[in-house]
Structure formats: structure tokens, C-alpha cells
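This report refers to the structure that appears directly beneath it.
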Amino acid sequence: MNDRRETPLERDDRNFVELLQELRVIQTGVQILFAFLLTLAFTQRFPRLDEVQRGTYITTLLLAVAATILFTAPAALHRALFRRGAKRLIVEVSSRLAAAGLVVLGLALAGAVLLVVDVVLGRAAGITVAACVLLFCTAVWAVLPLGLRRRRVRTADRTAARSPERSAGRR
């Protein structure tokens, strides 16, 4: 079903442009997080971190690096496969890379919050708040879209059931 009356190539082009727009929004946040993490190691308080805090810092820094790589990979993929007739493949793989990037970004955000809250309020508070951040990311980035997708499918199914001649014309 193609309600936009676009060719498969036009749809692939549009999907890729939309994905790149999404990645531009995300990339700014990742860059800010990464810059924050890079500067932490050069603060006066950094040498006073305990082993767990240092481990959290390194892990979070590496997660931010991984998120950056995952979110920039679609541009590299596009560049490597440019004019090779692989737009659909680029869109599909890039979408998966972006989804993986969101998972890694959620972990990096939780790690950054864990580190800061651990230093400011203590380990138990840090773990609690970091767990809440992970739950919030999961709720907004995964559970909400899945719920909306299911709701839309159910609504489409009900609409098709009420209008069989319309749904028959779309097959």
C-alpha cells in the first residue's frame, strides 16, 4: 500500500532523508554528552573518584563513542554505496544502526547520570536515578512507539472491517 503515490525509489529516498533528519537531532545530544564526558577527566575532582566511579566513567565514555559511531554510520554507508543502486539496503541497514544507536545512547545517558548522581548524592541514589533514566528511555523510545503501532494496526483493521470494498481495492 502506497498512499503517497510514489515509486519505490522515491519512497527509499524520502525514508533516507527522514532518517538523516532524525539522526541530526540525535547527534547534537550525543555530541554534547560526549564533550561533557571528555572534559570530566580534566577536572580537579576527577582524581578523587573511586574505582566504581572511574569504571562508570570509562564505560559511559565508550558507550558515547559507540553511539556516535552508530549514528554516523549511515552517512558512511551512503558514501560507500553511493550510486550503486543500493538505496533500499542503505535505508534498511541505516535504520537498524540508528535503532542500535538509541539503545547504546540510553545506556550512555544512564551511565552519565549514574556517575554524576553517585558523586553528588551517593551510590544508591545514583543507581536508582540511572535505573529510572533507563526505564524512561525504554518507555519513550520503545514501549510508546510499539503501543502506537499496535493501536494504529488495530484502528486500520477496524476501518478495513467496516469498509470491505475500500480494503479490497488496496490489495
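To be explicit about the labels: the chains of the C-alpha cells are called A, B, and onward in the order shown, and within each one the residues are counted from 1, while ligands get numbers from 1 in the order they are shown.
Near Ile90 (chain A), within a cut-off of 9 Å and counting only C-alpha atoms, sit the residues Asp12, Phe16, Pro74, Leu77, His78, Leu81, Ala86, Lys87, Arg88, Glu92, Val93, Ser94 and Ser95 of chain A, with same-chain residues fewer than 2 positions away left out.
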Exercise. Quick one: DSSP alpha helix (DSSP H) residues in region 21-125 of chain A, as a count of residues only?
Worked result: 89
Exercise. Which one is closest to Tyr57 (chain A): A:Leu97, A:Ala108, A:Leu144, A:Leu115? Count only C-alpha atoms.
Worked result: A:Leu115
Problem set entry | Pick from A:Leu102, A:Val17, A:Cys132, A:Val117, whichever lies nearest to Ala75 (chain A) using only C-alpha atoms | A:Val17
What lies within 10 Å of Phe34 (chain A) using only C-alpha atoms, ignoring chain neighbours under 6 positions off, as a CSV table (one decimal) with C-alpha atoms, in the first residue's frame?
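Final output, result.csv:
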chain,number,residue,atom,x,y,z
A,28,THR,CA,23.6,17.0,18.7
A,60,THR,CA,30.0,5.7,29.7
A,61,LEU,CA,32.6,7.3,27.6
A,62,LEU,CA,32.9,4.2,25.4
A,63,LEU,CA,29.1,4.0,25.1
A,64,ALA,CA,29.0,7.6,23.9
A,65,VAL,CA,31.7,6.8,21.4
A,67,ALA,CA,26.6,5.8,19.9
A,68,THR,CA,28.4,8.4,17.9
A,108,ALA,CA,25.3,6.2,27.9
A,112,ALA,CA,26.4,9.7,32.8
Exercise. Suppose you want the space between CA of Arg149 (chain A) and CA of Leu89 (chain A); what is it in Å?
Worked result: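 Between these atoms lies a distance of 23.1 Å.
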Problem set entry | Best match for closeness to Val30 (chain A) among A:Thr155, A:Thr138, A:Gln53, A:Thr72, counting only C-alpha atoms |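 Of all the options, A:Thr72 lies closest to Val30 (chain A).
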Problem set entry | From A:Ala99, A:Leu23, A:Leu9, A:Leu33, residue lying nearest Ala142 (chain A) [only C-alpha atoms] |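 Comparing A:Ala99, A:Leu23, A:Leu9, A:Leu33 against Ala142 (chain A), the winner is A:Ala99.
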Find the nearest atom pair between each residue of region 81-150 of chain A and region 38-50 of chain A for residues within 12 Å, count only C-alpha atoms, give distances in Å to one decimal, sort rows by chain and ascending number, and present the table as JSON lines.
{"residue": "A:Ala112", "atom": "CA", "partner": "A:Leu40", "partner_atom": "CA", "distance": 10.6}
{"residue": "A:Leu115", "atom": "CA", "partner": "A:Leu49", "partner_atom": "CA", "distance": 9.6}
{"residue": "A:Val116", "atom": "CA", "partner": "A:Leu40", "partner_atom": "CA", "distance": 10.3}
{"residue": "A:Asp118", "atom": "CA", "partner": "A:Leu49", "partner_atom": "CA", "distance": 9.9}
{"residue": "A:Val119", "atom": "CA", "partner": "A:Leu49", "partner_atom": "CA", "distance": 7.8}
{"residue": "A:Val120", "atom": "CA", "partner": "A:Leu49", "partner_atom": "CA", "distance": 11.3}
{"residue": "A:Gly122", "atom": "CA", "partner": "A:Asp50", "partner_atom": "CA", "distance": 11.7}
{"residue": "A:Arg123", "atom": "CA", "partner": "A:Asp50", "partner_atom": "CA", "distance": 11.0}
Can I get the selection written as a PDB file, in the first residue's frame, with N, CA and C atoms?
ATOM      1  N   ALA A 112      25.982   8.302  32.460  1.00  0.00           N
ATOM      2  CA  ALA A 112      26.363   9.670  32.827  1.00  0.00           C
ATOM      3  C   ALA A 112      25.604  10.123  34.067  1.00  0.00           C
ATOM      4  N   LEU A 115      26.986   8.334  37.158  1.00  0.00           N
ATOM      5  CA  LEU A 115      28.235   8.917  37.626  1.00  0.00           C
ATOM      6  C   LEU A 115      28.000  10.228  38.384  1.00  0.00           C
ATOM      7  N   VAL A 116      27.235  11.118  37.801  1.00  0.00           N
ATOM      8  CA  VAL A 116      27.015  12.429  38.429  1.00  0.00           C
ATOM      9  C   VAL A 116      26.253  12.295  39.745  1.00  0.00           C
ATOM     10  N   ASP A 118      25.969   9.636  41.623  1.00  0.00           N
ATOM     11  CA  ASP A 118      26.827   8.914  42.568  1.00  0.00           C
ATOM     12  C   ASP A 118      27.787   9.884  43.257  1.00  0.00           C
ATOM     13  N   VAL A 119      28.418  10.763  42.505  1.00  0.00           N
ATOM     14  CA  VAL A 119      29.366  11.724  43.079  1.00  0.00           C
ATOM     15  C   VAL A 119      28.648  12.727  43.989  1.00  0.00           C
ATOM     16  N   VAL A 120      27.482  13.170  43.571  1.00  0.00           N
ATOM     17  CA  VAL A 120      26.783  14.229  44.311  1.00  0.00           C
ATOM     18  C   VAL A 120      25.982  13.694  45.497  1.00  0.00           C
ATOM     19  N   GLY A 122      25.531   9.991  46.237  1.00  0.00           N
ATOM     20  CA  GLY A 122      25.874   8.656  46.719  1.00  0.00           C
ATOM     21  C   GLY A 122      25.464   7.574  45.739  1.00  0.00           C
ATOM     22  N   ARG A 123      26.038   6.399  45.968  1.00  0.00           N
ATOM     23  CA  ARG A 123      25.865   5.285  45.032  1.00  0.00           C
ATOM     24  C   ARG A 123      24.433   4.805  44.916  1.00  0.00           C
TER      25      ARG A 123
END
